[in-house]
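For reference, upload.cif (mmCIF, C-alpha atoms):
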```
data_data
#
loop_
_atom_site.label_atom_id
_atom_site.label_comp_id
_atom_site.auth_asym_id
_atom_site.auth_seq_id
_atom_site.Cartn_x
_atom_site.Cartn_y
_atom_site.Cartn_z
CA MET U 1 0.00 0.00 0.00
CA THR U 2 1.35 3.37 -0.93
CA GLU U 3 0.74 6.76 0.57
CA VAL U 4 -1.75 7.45 -2.22
CA ASP U 5 -3.85 4.51 -1.04
CA VAL U 6 -3.94 5.87 2.49
CA GLN U 7 -5.24 9.12 1.04
CA ALA U 8 -7.85 7.16 -0.92
CA LEU U 9 -8.93 5.40 2.28
CA ARG U 10 -9.31 8.70 4.09
CA ARG U 11 -11.36 10.03 1.15
CA GLY U 12 -13.79 7.14 1.47
CA ASP U 13 -12.73 5.16 -1.57
CA GLU U 14 -14.54 1.83 -1.16
CA PHE U 15 -12.31 0.08 -3.67
CA ALA U 16 -9.23 1.06 -1.67
CA PHE U 17 -10.77 -0.27 1.53
CA ARG U 18 -11.87 -3.51 -0.11
CA THR U 19 -8.36 -3.99 -1.50
CA LEU U 20 -6.83 -3.33 1.90
CA VAL U 21 -9.09 -5.84 3.65
CA ASN U 22 -8.42 -8.51 1.05
CA THR U 23 -4.68 -7.88 0.99
CA TYR U 24 -4.16 -8.26 4.73
CA HIS U 25 -6.93 -10.62 5.78
CA SER U 26 -4.85 -13.78 5.50
CA THR U 27 -1.89 -12.36 7.40
CA MET U 28 -4.11 -10.94 10.11
CA LEU U 29 -6.05 -14.17 10.54
CA ARG U 30 -2.83 -16.18 10.84
CA LEU U 31 -1.54 -13.79 13.49
CA ALA U 32 -4.87 -13.75 15.36
CA MET U 33 -4.95 -17.57 15.37
CA ILE U 34 -1.79 -17.56 17.49
CA TYR U 35 -3.77 -16.19 20.43
CA SER U 36 -7.24 -17.47 19.69
CA PRO U 37 -8.59 -20.84 20.76
CA ASN U 38 -10.55 -21.16 17.52
CA ARG U 39 -11.09 -19.71 14.08
CA ALA U 40 -14.31 -17.87 14.96
CA LEU U 41 -12.63 -15.90 17.78
CA ALA U 42 -9.68 -15.15 15.53
CA GLU U 43 -12.08 -13.75 12.91
CA GLU U 44 -13.62 -11.57 15.63
CA ALA U 45 -10.20 -10.20 16.57
CA VAL U 46 -9.57 -9.35 12.90
CA GLN U 47 -12.91 -7.53 12.62
CA GLU U 48 -12.29 -5.62 15.84
CA THR U 49 -8.94 -4.60 14.36
CA TRP U 50 -10.57 -3.11 11.26
CA LEU U 51 -12.76 -0.93 13.45
CA ALA U 52 -9.70 0.23 15.36
CA VAL U 53 -7.87 0.88 12.08
CA LEU U 54 -10.69 3.13 10.84
CA ARG U 55 -10.82 4.97 14.15
CA GLY U 56 -7.08 5.51 14.07
CA LEU U 57 -6.59 6.15 10.36
CA ASP U 58 -6.54 9.93 10.60
CA GLY U 59 -3.76 9.64 13.17
CA PHE U 60 -1.66 7.24 11.05
CA SER U 61 1.59 9.11 10.57
CA GLY U 62 3.31 6.85 8.06
CA ARG U 63 6.32 6.32 10.32
CA SER U 64 5.71 2.57 10.07
CA SER U 65 4.42 0.94 6.93
CA LEU U 66 0.64 0.65 6.84
CA ARG U 67 0.77 -3.12 7.23
CA THR U 68 3.09 -2.94 10.24
CA TRP U 69 0.77 -0.40 11.83
CA ILE U 70 -2.34 -2.51 11.13
CA CYS U 71 -0.71 -5.71 12.33
CA ARG U 72 0.50 -4.06 15.54
CA ILE U 73 -3.08 -3.06 16.29
CA LEU U 74 -4.14 -6.63 15.57
CA VAL U 75 -1.48 -8.20 17.78
CA ASN U 76 -2.39 -5.88 20.65
CA ILE U 77 -6.09 -6.65 20.28
CA ALA U 78 -5.58 -10.40 19.91
CA ARG U 79 -3.20 -10.56 22.88
CA ARG U 80 -5.55 -8.47 25.01
CA ARG U 81 -8.50 -10.69 24.13
CA ALA U 82 -6.44 -13.73 25.10
CA GLY U 83 -5.45 -12.09 28.37
CA VAL U 84 -1.77 -12.09 27.43
CA GLU U 85 0.44 -9.30 28.76
CA ALA U 86 1.40 -7.32 25.68
CA ARG U 87 5.09 -7.33 26.43
CA SER U 88 5.50 -10.59 28.28
CA LEU U 89 5.43 -12.82 25.23
CA PRO U 90 8.49 -12.41 23.05
CA PHE U 91 11.07 -13.32 25.64
CA ALA U 92 9.22 -16.07 27.43
CA HIS U 93 10.63 -18.82 25.24
CA LEU U 94 14.09 -17.51 24.48
CA HIS U 95 15.63 -19.85 26.99
CA ASP U 96 14.33 -22.89 25.21
CA ASP U 97 17.62 -24.77 24.78
CA THR U 98 16.20 -27.89 23.16
CA PRO U 99 18.71 -28.86 20.46
CA SER U 100 17.61 -28.49 16.83
CA VAL U 101 18.30 -32.18 16.32
CA PRO U 102 18.04 -34.72 19.17
CA ALA U 103 21.45 -35.57 20.69
CA GLU U 104 20.99 -39.28 19.96
CA LYS U 105 21.31 -38.55 16.22
CA PHE U 106 25.02 -37.83 16.76
CA PHE U 107 27.92 -39.93 18.03
CA GLY U 108 28.26 -39.19 21.73
CA SER U 109 31.82 -40.48 22.04
CA GLY U 110 34.82 -41.71 20.05
CA PRO U 111 36.69 -40.05 17.20
CA TYR U 112 33.42 -38.97 15.51
CA THR U 113 31.87 -37.30 18.54
CA GLY U 114 29.35 -34.70 17.41
CA HIS U 115 29.01 -36.16 13.91
CA TRP U 116 25.91 -37.79 12.44
CA ASN U 117 25.65 -41.45 13.45
CA HIS U 118 23.35 -42.30 10.52
CA GLU U 119 22.86 -41.44 6.86
CA ARG U 120 20.43 -38.68 6.12
CA ASP U 121 17.89 -38.91 3.33
CA ASP U 122 18.50 -36.72 0.33
CA TRP U 123 15.37 -34.58 0.00
CA SER U 124 16.54 -33.11 -3.29
CA ARG U 125 15.42 -36.41 -4.84
CA LEU U 126 11.84 -35.97 -3.67
CA PRO U 127 9.38 -35.36 -6.48
CA GLU U 128 7.96 -31.83 -6.61
CA ASP U 129 4.37 -33.01 -6.21
CA ARG U 130 5.18 -34.54 -2.81
CA LEU U 131 6.44 -31.15 -1.68
CA LEU U 132 3.27 -29.43 -2.83
CA SER U 133 0.85 -31.99 -1.42
CA GLN U 134 -2.03 -30.94 0.81
CA GLU U 135 -0.95 -33.57 3.32
CA LEU U 136 2.51 -32.05 3.72
CA GLN U 137 1.02 -28.56 3.99
CA ASP U 138 -1.17 -29.82 6.82
CA VAL U 139 1.88 -31.30 8.57
CA VAL U 140 3.61 -27.92 8.36
CA ILE U 141 0.52 -25.97 9.47
CA ASP U 142 0.09 -28.30 12.46
CA ALA U 143 3.78 -28.04 13.38
CA ILE U 144 3.62 -24.24 13.30
CA GLY U 145 0.40 -24.37 15.33
CA GLU U 146 2.14 -26.29 18.09
CA LEU U 147 5.00 -23.82 18.50
CA PRO U 148 5.21 -21.54 21.53
CA PRO U 149 3.52 -18.21 20.62
CA ALA U 150 6.73 -16.16 20.33
CA GLN U 151 8.28 -18.65 17.90
CA ARG U 152 5.01 -18.90 16.02
CA GLU U 153 4.78 -15.13 15.59
CA VAL U 154 8.25 -14.93 14.11
CA ILE U 155 8.04 -17.89 11.72
CA THR U 156 4.56 -16.81 10.59
CA LEU U 157 5.71 -13.33 9.69
CA ARG U 158 9.14 -14.19 8.31
CA ASP U 159 8.61 -17.49 6.49
CA VAL U 160 4.88 -17.77 5.82
CA GLU U 161 4.29 -14.09 5.04
CA GLY U 162 7.78 -13.20 3.82
CA TRP U 163 8.30 -10.09 5.97
CA THR U 164 11.80 -8.68 6.44
CA THR U 165 13.80 -8.98 9.65
CA ALA U 166 13.49 -5.24 10.23
CA GLU U 167 9.72 -5.22 9.81
CA VAL U 168 9.25 -8.13 12.22
CA SER U 169 11.56 -6.58 14.82
CA GLU U 170 9.56 -3.37 14.58
CA LEU U 171 6.17 -5.04 14.86
CA LEU U 172 7.06 -7.37 17.73
CA GLU U 173 9.46 -4.93 19.38
CA ILE U 174 12.23 -7.49 19.65
CA GLU U 175 15.92 -7.29 18.78
CA ASP U 176 17.20 -8.93 15.62
CA GLY U 177 19.31 -11.36 17.65
CA ASN U 178 16.32 -12.52 19.68
CA GLN U 179 14.29 -12.81 16.51
CA ARG U 180 16.97 -15.12 15.04
CA VAL U 181 16.89 -17.36 18.11
CA LEU U 182 13.12 -17.67 17.91
CA LEU U 183 13.22 -18.22 14.15
CA HIS U 184 15.87 -20.91 14.51
CA ARG U 185 13.90 -22.82 17.14
CA ALA U 186 10.75 -22.56 15.06
CA ARG U 187 12.34 -23.65 11.78
CA SER U 188 14.14 -26.54 13.49
CA ARG U 189 10.90 -27.89 14.93
CA VAL U 190 9.00 -27.58 11.68
CA ARG U 191 11.85 -29.26 9.78
CA GLN U 192 11.73 -32.11 12.31
CA ALA U 193 7.99 -32.50 11.72
CA VAL U 194 8.58 -32.73 7.97
CA GLU U 195 11.31 -35.34 8.55
CA ASP U 196 8.97 -37.36 10.74
CA TYR U 197 6.35 -37.18 8.01
CA PHE U 198 8.70 -38.41 5.27
CA ALA U 199 10.27 -41.07 7.49
CA PRO U 200 8.16 -41.76 10.57
CA PRO U 201 10.38 -42.43 13.61
CA VAL U 202 10.55 -46.11 14.46
CA VAL U 203 8.73 -46.76 17.71
CA ALA U 204 10.18 -49.61 19.72
CA ALA U 205 7.63 -52.40 20.21
CA MET B 206 41.58 -23.66 13.70
CA GLU B 207 39.08 -25.99 15.30
CA GLU B 208 36.55 -27.52 12.94
CA MET B 209 32.79 -27.29 13.25
CA ASN B 210 31.02 -30.54 14.18
CA CYS B 211 27.68 -31.63 12.69
CA ASN B 212 25.84 -31.02 15.97
CA GLU B 213 27.23 -27.47 16.02
CA LEU B 214 26.44 -26.82 12.38
CA VAL B 215 22.74 -27.60 12.80
CA GLU B 216 22.55 -24.80 15.38
CA ARG B 217 24.12 -22.26 13.02
CA VAL B 218 22.00 -22.82 9.92
CA THR B 219 19.63 -19.94 10.63
CA ASP B 220 22.49 -17.57 11.48
CA CYS B 221 24.03 -18.55 8.15
CA LEU B 222 20.84 -17.96 6.17
CA GLU B 223 20.30 -14.67 8.02
CA GLU B 224 23.84 -13.62 7.14
CA ALA B 225 24.61 -13.20 10.83
CA LEU B 226 27.67 -15.44 11.06
CA ASP B 227 31.08 -13.95 11.73
CA PRO B 228 33.55 -14.61 8.86
CA ASP B 229 35.43 -17.28 10.82
CA SER B 230 32.30 -19.31 11.62
CA LEU B 231 31.01 -18.90 8.09
CA MET B 232 34.26 -20.31 6.72
CA LYS B 233 34.09 -23.29 9.09
CA LEU B 234 30.47 -23.94 8.17
CA LEU B 235 31.11 -23.80 4.43
CA ASP B 236 34.21 -25.99 4.76
CA HIS B 237 32.20 -28.54 6.71
CA LEU B 238 29.36 -28.58 4.17
CA GLN B 239 31.84 -29.37 1.41
CA ILE B 240 33.05 -32.55 3.05
CA CYS B 241 29.94 -33.76 4.94
CA VAL B 242 27.07 -35.31 2.96
CA GLY B 243 24.94 -35.57 6.11
CA CYS B 244 25.13 -31.84 6.80
CA ASP B 245 24.73 -30.97 3.14
CA ASN B 246 21.50 -33.00 3.17
CA TYR B 247 20.45 -31.40 6.47
CA PHE B 248 20.96 -27.92 5.06
CA ASN B 249 18.83 -28.88 2.10
CA GLU B 250 16.14 -30.24 4.46
CA VAL B 251 15.91 -26.78 6.00
CA LEU B 252 15.66 -25.14 2.57
CA VAL B 253 12.96 -27.60 1.46
CA THR B 254 11.03 -26.92 4.69
CA LEU B 255 11.24 -23.17 4.06
CA LYS B 256 9.97 -23.66 0.53
CA VAL B 257 6.95 -25.61 1.76
CA ILE B 258 6.25 -22.96 4.42
CA SER B 259 6.45 -20.15 1.86
CA LYS B 260 3.84 -21.81 -0.34
CA LEU B 261 1.12 -22.29 2.25
CA PRO B 262 -2.16 -21.10 0.76
CA ASP B 263 -3.75 -17.83 1.85
CA THR B 264 -7.28 -17.68 3.20
CA SER B 265 -9.73 -15.32 1.58
CA VAL B 266 -12.13 -12.98 3.33
CA PRO B 267 -15.51 -14.61 4.04
CA ASN B 268 -18.26 -12.85 2.02
CA ASP B 269 -20.33 -11.87 5.03
CA THR B 270 -17.26 -10.41 6.74
CA GLU B 271 -16.48 -8.30 3.70
CA THR B 272 -20.08 -7.08 3.47
CA LYS B 273 -20.10 -6.22 7.16
CA LEU B 274 -16.78 -4.36 6.96
CA LEU B 275 -17.84 -2.41 3.88
CA ALA B 276 -20.98 -1.31 5.72
CA VAL B 277 -18.82 -0.15 8.63
CA TYR B 278 -16.54 1.69 6.23
CA ASP B 279 -19.53 3.34 4.61
CA GLU B 280 -20.69 4.59 8.02
CA TRP B 281 -17.18 5.78 8.82
CA THR B 282 -16.91 7.79 5.57
CA LYS B 283 -20.17 9.52 6.52
CA GLY B 284 -18.53 10.63 9.72
CA ALA B 285 -20.25 8.14 12.01
CA THR B 286 -18.39 6.69 15.00
CA VAL B 287 -17.49 3.09 14.28
#
```

Entire entry expressed as structure tokens:
Amino acid sequence: MTEVDVQALRRGDEFAFRTLVNTYHSTMLRLAMIYSPNRALAEEAVQETWLAVLRGLDGFSGRSSLRTWICRILVNIARRRAGVEARSLPFAHLHDDTPSVPAEKFFGSGPYTGHWNHERDDWSRLPEDRLLSQELQDVVIDAIGELPPAQREVITLRDVEGWTTAEVSELLEIEDGNQRVLLHRARSRVRQAVEDYFAPPVVAA
Amino acid sequence: MEEMNCNELVERVTDCLEEALDPDSLMKLLDHLQICVGCDNYFNEVLVTLKVISKLPDTSVPNDTETKLLAVYDEWTKGATV
């Protein structure tokens, strides 16, 4: 959205508003879902956000991008509705020191300590249609859904929505370094879920 | 110069992709990738995962929501409190 579009919104241009709603709905719903127990309540948070956006539009200064500004309103509303302290979230899970890959996947002793103790599958041989399957998408959606909220916020914005580091740091008010830690944890867990889907872990009988 | 082990490399993948590694660590990581098939595959697993994540489908606005919001917008443009 450009500055011109903001002017169009203020003028009452219905097309501009419709475009805005359709452009950001998906992002906003994904963010709202992080705090909402179900889809219906997430939709409510999104609608409440639009009201707040209209009320605040005349005061929008353009210091942030329009989408950052809108999404910050959304996050505040969704967190408030969920009863989450606005600022308590981002750091709550920073001290998650679960390794990206379980320690038993590496040699624990001997000359190869710290090296893989098994061969890893070569995913570059996987056919494209397996990577685009609905089933795999559901695995990824579920894995993201199970992440702690702070990790889920970051991976949703960065990897699902394609936001930049700077934009995410601004919206969530976190430092780039903390964002990287959260992103790393999140990506590692989702990668593990995909691995488990391609090659289900063997459960001892 | 001490080499980077596989279990260390997997913790630096995001730093690498985010271009946040210091030159020394980056060199160690790239050197390791050249000689370790396991880590090369692991790195690719991360890239494949990111590709799947980036292609998740968007949801569209439900019709009744759009109608409701347009009505609110219409009120707002007339100067009503929304």

Result set of the PyMOL selection byres ((chain B) within 6 of (chain U)) on the coordinates above, as a PDB file with C-alpha atoms, in the coordinates of the input:
```pdb
ATOM      1  CA  ASN B 210      31.020 -30.540  14.180  1.00  0.00           C
ATOM      2  CA  CYS B 211      27.680 -31.630  12.690  1.00  0.00           C
ATOM      3  CA  ASN B 212      25.840 -31.020  15.970  1.00  0.00           C
ATOM      4  CA  THR B 219      19.630 -19.940  10.630  1.00  0.00           C
ATOM      5  CA  GLY B 243      24.940 -35.570   6.110  1.00  0.00           C
ATOM      6  CA  ASN B 246      21.500 -33.000   3.170  1.00  0.00           C
ATOM      7  CA  THR B 254      11.030 -26.920   4.690  1.00  0.00           C
ATOM      8  CA  ILE B 258       6.250 -22.960   4.420  1.00  0.00           C
ATOM      9  CA  SER B 259       6.450 -20.150   1.860  1.00  0.00           C
ATOM     10  CA  ASP B 263      -3.750 -17.830   1.850  1.00  0.00           C
ATOM     11  CA  THR B 264      -7.280 -17.680   3.200  1.00  0.00           C
ATOM     12  CA  THR B 282     -16.910   7.790   5.570  1.00  0.00           C
TER      13      THR B 282
END
```

Could you work out how far atom CA of Glu167 of chain U lies from atom CA of Gly56 of chain U, giving the answer in Å with one decimal?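 Interatomic distance here is 20.4 Å.
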
Residues at most 8 Å from Thr49 of chain U, counting all atoms listed in the file, excluding those fewer than 3 positions away in the same chain, as a list in words? Ala45, Val46, Ala52, Val53, Ile70, Ile73, Leu74 and Ile77 of chain U

Could the residues in this selection be saved with C-alpha atoms as a compact mmCIF listing (two decimals), keeping the file's coordinate frame?
```
# COMPACT_ATOMS: atom_id res chain seq x y z
CA ALA U 45 -10.20 -10.20 16.57
CA VAL U 46 -9.57 -9.35 12.90
CA ALA U 52 -9.70 0.23 15.36
CA VAL U 53 -7.87 0.88 12.08
CA ILE U 70 -2.34 -2.51 11.13
CA ILE U 73 -3.08 -3.06 16.29
CA LEU U 74 -4.14 -6.63 15.57
CA ILE U 77 -6.09 -6.65 20.28
```

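For the point (29.9, -23.2, 7.1) in file coordinates, the residues within 10 Å, using all atoms listed in the file, are B:Glu208, B:Met209, B:Leu214, B:Arg217, B:Val218, B:Cys221, B:Leu226, B:Pro228, B:Asp229, B:Ser230, B:Leu231, B:Met232, B:Lys233, B:Leu234, B:Leu235, B:Asp236, B:His237, B:Leu238, B:Gln239, B:Cys244.
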
For a test of reading the model, state the distance in Å between atom CA of Ala40 of chain U and atom CA of Val266 of chain B, rounded to one decimal. 12.8 Å

Set up a box along x, y and z of the file covering all listed atoms of segment 248-264 of chain B, add 8 Å on every one of the six sides, and write the centre and edge lengths in Å to one decimal, as AutoDock Vina command-line options.
```
--center_x 6.8 --center_y -24.0 --center_z 2.8 --size_x 44.2 --size_y 28.6 --size_z 22.3
```

Using all atoms listed in the file: which of U:Pro149, U:Gly59, U:Pro111, U:Ser169 has the shortest distance to Ala82 of chain U: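 Residue with the minimum atom-to-atom distance to Ala82 of chain U: U:Pro149.
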
Incomplete segment 60-79 of chain U brought to N, CA and C atoms, written out as a compact mmCIF listing (two decimals), in the coordinates of the input:
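Output file out38.txt follows:
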```txt
# COMPACT_ATOMS: atom_id res chain seq x y z
N PHE U 60 -2.77 8.04 11.60
CA PHE U 60 -1.66 7.24 11.05
C PHE U 60 -0.63 8.18 10.43
N SER U 61 0.59 8.12 10.97
CA SER U 61 1.59 9.11 10.57
C SER U 61 2.46 8.65 9.41
N GLY U 62 2.45 7.35 9.14
CA GLY U 62 3.31 6.85 8.06
C GLY U 62 4.74 6.58 8.51
N ARG U 63 4.98 6.65 9.83
CA ARG U 63 6.32 6.32 10.32
C ARG U 63 6.61 4.84 10.13
N SER U 64 5.61 3.99 10.42
CA SER U 64 5.71 2.57 10.07
C SER U 64 5.00 2.40 8.74
N SER U 65 5.22 1.23 8.11
CA SER U 65 4.42 0.94 6.93
C SER U 65 2.99 0.69 7.40
N LEU U 66 2.04 0.84 6.47
CA LEU U 66 0.64 0.65 6.84
C LEU U 66 0.40 -0.75 7.39
N ARG U 67 1.04 -1.76 6.77
CA ARG U 67 0.77 -3.12 7.23
C ARG U 67 1.36 -3.39 8.61
N THR U 68 2.52 -2.77 8.90
CA THR U 68 3.09 -2.94 10.24
C THR U 68 2.17 -2.31 11.27
N TRP U 69 1.66 -1.12 10.91
CA TRP U 69 0.77 -0.40 11.83
C TRP U 69 -0.51 -1.20 12.07
N ILE U 70 -1.10 -1.73 11.00
CA ILE U 70 -2.34 -2.51 11.13
C ILE U 70 -2.09 -3.78 11.94
N CYS U 71 -0.98 -4.45 11.63
CA CYS U 71 -0.71 -5.71 12.33
C CYS U 71 -0.35 -5.48 13.80
N ARG U 72 0.23 -4.33 14.12
CA ARG U 72 0.50 -4.06 15.54
C ARG U 72 -0.81 -3.90 16.29
N ILE U 73 -1.76 -3.20 15.66
CA ILE U 73 -3.08 -3.06 16.29
C ILE U 73 -3.69 -4.44 16.50
N LEU U 74 -3.58 -5.28 15.48
CA LEU U 74 -4.14 -6.63 15.57
C LEU U 74 -3.51 -7.42 16.71
N VAL U 75 -2.17 -7.42 16.76
CA VAL U 75 -1.48 -8.20 17.78
C VAL U 75 -1.89 -7.72 19.18
N ASN U 76 -1.97 -6.41 19.35
CA ASN U 76 -2.39 -5.88 20.65
C ASN U 76 -3.80 -6.32 21.01
N ILE U 77 -4.70 -6.25 20.03
CA ILE U 77 -6.09 -6.65 20.28
C ILE U 77 -6.17 -8.15 20.57
N ALA U 78 -5.50 -8.94 19.75
CA ALA U 78 -5.58 -10.40 19.91
C ALA U 78 -4.96 -10.84 21.23
N ARG U 79 -3.84 -10.21 21.61
CA ARG U 79 -3.20 -10.56 22.88
C ARG U 79 -4.09 -10.14 24.05
```
